[in-house]
Amino acid sequence: MVAGSRRETEMPDDSNAKSMSIIVTKGTLDWAYPPFILATTAAAMGLEVTMFFTFYGLTLLKKDLNLKINPLGNAAMEMPMGGGHMAMPNILAAMPGATALTTAMMKNMMKKKGVASIEELRELAVEAEVKLIACQMTMDLFEYRKEDMIDGIALGGAATWVDAATRCGINLYI
Amino acid sequence: MADMVLDAKDLTCPLPILRAKKALKELAPGMILEVQATDPGAPRDFEAFCRTTGNDLVEQREDGGIYYFTIRHGG
């Protein structure tokens, strides 16, 4: 009887999920995009969004964002060049200056194509009241201070995310 | 006739949607927003956005590589 009535009230229906959480574990320029694009879009579509930043993802909360990208070990990273695509051989990607060069090329290409900067997306996330939680353990591990981070973030641990996740219809790990 | 026109041309995902959301906030329920975009993913995205948010996608058309979306604010 009780089970029956529970099923009736908790049966998934066609209505949309109303909240989403994302665990953000990576902090390079390329990997910064998926979590911020999804978070801002979900917020714009009326979802309550929680982002939990841990390990390298934590750098995305720093006041001074200086995100970089290097193709080393990423054989799938090709840049459009002269009508085709070029991948940088690992031996070149390991040379001094390769990170700065690749980062500059990527940022230039993004600007030309009208892709939002991470700074802009992060601002939009804050504006849309996306909850930003920094992993306390990682803060301690990497010796970040709360003053290094943008205003308005909360500190928390695994339990904080699990608690949020139990109330979210969509939970992502990026 | 639109109550507001949003120029989202030359912007890529997710900016047209984010700008549209911001623009809709300025409009009262029932008012009309026209969005102009060039992102080829925009038609599918605006359909999804409107379906999820309860706004009414009254009309969409494409002319010379520019997509025009007429959205009635659902409130």
# chains A, B, ... in the order shown; residues from 1 in each chain; ligands from 1

$ closest_atom_pairs --of "chain A" --to "chain B" --cutoff "8 Å" --atoms "only C-alpha atoms" --output "tab-separated table"
residue	atom	partner	partner_atom	distance
A:Asn16	CA	B:Thr52	CA	7.0
A:Ile37	CA	B:Pro14	CA	6.2
A:Thr40	CA	B:Leu18	CA	7.3
A:Thr41	CA	B:Pro14	CA	6.5
A:Ala44	CA	B:Lys21	CA	5.8
A:Met45	CA	B:Thr53	CA	5.6
A:Gly46	CA	B:Thr53	CA	6.5
A:Lys113	CA	B:Thr12	CA	7.4
A:Gly114	CA	B:Leu11	CA	4.8
A:Val115	CA	B:Thr12	CA	5.4
A:Ala116	CA	B:Leu15	CA	7.1

$ residues_around --residues "Gly152 in chain A" --least-positions-apart "4" --cutoff "10 Å" --atoms "only C-alpha atoms" --output "number ranges by chain"
A: 126, 129, 131-133

$ write_last_selection --atoms "C-alpha atoms" --output "CSV table (one decimal), in the first residue's frame"
chain,number,residue,atom,x,y,z
A,126,VAL,CA,28.0,33.6,-10.9
A,129,GLU,CA,23.5,32.0,-9.2
A,131,LYS,CA,26.5,27.4,-6.7
A,132,LEU,CA,30.3,27.1,-6.7
A,133,ILE,CA,31.8,24.8,-4.2

$ select_by_dssp --residues "chain A" --states "helix (DSSP H, G or I)" --output "PyMOL selection string"
chain A and resi 2-10+33-44+55-61+90-93+98-112+118-127+136-141+146-148+158-166

$ residues_around --residues "Leu57 in chain B" --least-positions-apart "4" --cutoff "7 Å" --atoms "only C-alpha atoms" --output "list in words"
Glu47, Cys50, Thr70, Ile71 and Arg72 of chain B

$ residues_around --residues "Asn171 in chain A" --least-positions-apart "6" --cutoff "10 Å" --atoms "only C-alpha atoms" --output "list in words"
Ser19, Met20, Ser21, Ile22, Ile23, Val49, Thr50, Met51, Trp161, Val162, Ala164 and Ala165 of chain A

$ write_last_selection --atoms "C-alpha atoms" --output "PDB file, in the first residue's frame"
ATOM      1  CA  SER A  19      18.628  20.603 -10.898  1.00  0.00           C
ATOM      2  CA  MET A  20      22.075  19.526 -12.021  1.00  0.00           C
ATOM      3  CA  SER A  21      25.427  19.006 -10.384  1.00  0.00           C
ATOM      4  CA  ILE A  22      28.825  18.850 -12.036  1.00  0.00           C
ATOM      5  CA  ILE A  23      32.070  17.632 -10.516  1.00  0.00           C
ATOM      6  CA  VAL A  49      23.100  24.169 -10.758  1.00  0.00           C
ATOM      7  CA  THR A  50      25.857  23.143  -8.354  1.00  0.00           C
ATOM      8  CA  MET A  51      29.489  22.911  -9.454  1.00  0.00           C
ATOM      9  CA  TRP A 161      28.427  17.160  -3.125  1.00  0.00           C
ATOM     10  CA  VAL A 162      26.661  13.882  -2.268  1.00  0.00           C
ATOM     11  CA  ALA A 164      23.479  18.130  -3.414  1.00  0.00           C
ATOM     12  CA  ALA A 165      23.571  15.188  -5.829  1.00  0.00           C
TER      13      ALA A 165
END

$ decode --residues "range 50-69 of chain B" --atoms "N, CA and C atoms" --output "short mmCIF file (atom, residue, chain, number, x, y, z; two decimals), in the first residue's frame"
data_model
loop_
_atom_site.label_atom_id
_atom_site.label_comp_id
_atom_site.auth_asym_id
_atom_site.auth_seq_id
_atom_site.Cartn_x
_atom_site.Cartn_y
_atom_site.Cartn_z
N CYS B 50 13.27 26.64 -25.62
CA CYS B 50 11.88 27.08 -25.46
C CYS B 50 11.01 25.97 -24.86
N ARG B 51 11.26 24.72 -25.30
CA ARG B 51 10.49 23.61 -24.77
C ARG B 51 10.70 23.46 -23.26
N THR B 52 11.96 23.59 -22.83
CA THR B 52 12.29 23.39 -21.43
C THR B 52 11.83 24.54 -20.54
N THR B 53 11.89 25.75 -21.08
CA THR B 53 11.62 26.92 -20.25
C THR B 53 10.17 27.40 -20.34
N GLY B 54 9.38 26.77 -21.21
CA GLY B 54 7.98 27.16 -21.32
C GLY B 54 7.77 28.46 -22.07
N ASN B 55 8.76 28.84 -22.86
CA ASN B 55 8.57 29.99 -23.75
C ASN B 55 8.08 29.45 -25.10
N ASP B 56 7.40 30.31 -25.82
CA ASP B 56 6.75 29.86 -27.05
C ASP B 56 7.57 30.27 -28.27
N LEU B 57 8.10 29.27 -28.98
CA LEU B 57 8.84 29.57 -30.21
C LEU B 57 7.81 29.72 -31.33
N VAL B 58 7.41 30.96 -31.54
CA VAL B 58 6.30 31.25 -32.47
C VAL B 58 6.71 30.97 -33.91
N GLU B 59 7.92 31.38 -34.24
CA GLU B 59 8.35 31.24 -35.63
C GLU B 59 9.86 31.16 -35.69
N GLN B 60 10.37 30.36 -36.66
CA GLN B 60 11.79 30.44 -36.95
C GLN B 60 12.00 30.33 -38.46
N ARG B 61 12.92 31.14 -38.94
CA ARG B 61 13.23 31.08 -40.37
C ARG B 61 14.70 31.39 -40.56
N GLU B 62 15.16 31.06 -41.75
CA GLU B 62 16.56 31.31 -42.09
C GLU B 62 16.59 32.13 -43.36
N ASP B 63 17.43 33.14 -43.37
CA ASP B 63 17.53 33.98 -44.56
C ASP B 63 18.98 34.42 -44.72
N GLY B 64 19.59 33.98 -45.79
CA GLY B 64 20.97 34.38 -46.08
C GLY B 64 21.96 34.01 -44.97
N GLY B 65 21.80 32.83 -44.39
CA GLY B 65 22.73 32.38 -43.35
C GLY B 65 22.43 32.93 -41.97
N ILE B 66 21.37 33.70 -41.86
CA ILE B 66 20.98 34.23 -40.54
C ILE B 66 19.67 33.57 -40.11
N TYR B 67 19.67 33.09 -38.87
CA TYR B 67 18.47 32.48 -38.31
C TYR B 67 17.71 33.53 -37.51
N TYR B 68 16.40 33.54 -37.71
CA TYR B 68 15.54 34.47 -36.97
C TYR B 68 14.58 33.64 -36.12
N PHE B 69 14.57 33.91 -34.83
CA PHE B 69 13.67 33.20 -33.92
C PHE B 69 12.72 34.20 -33.28
#
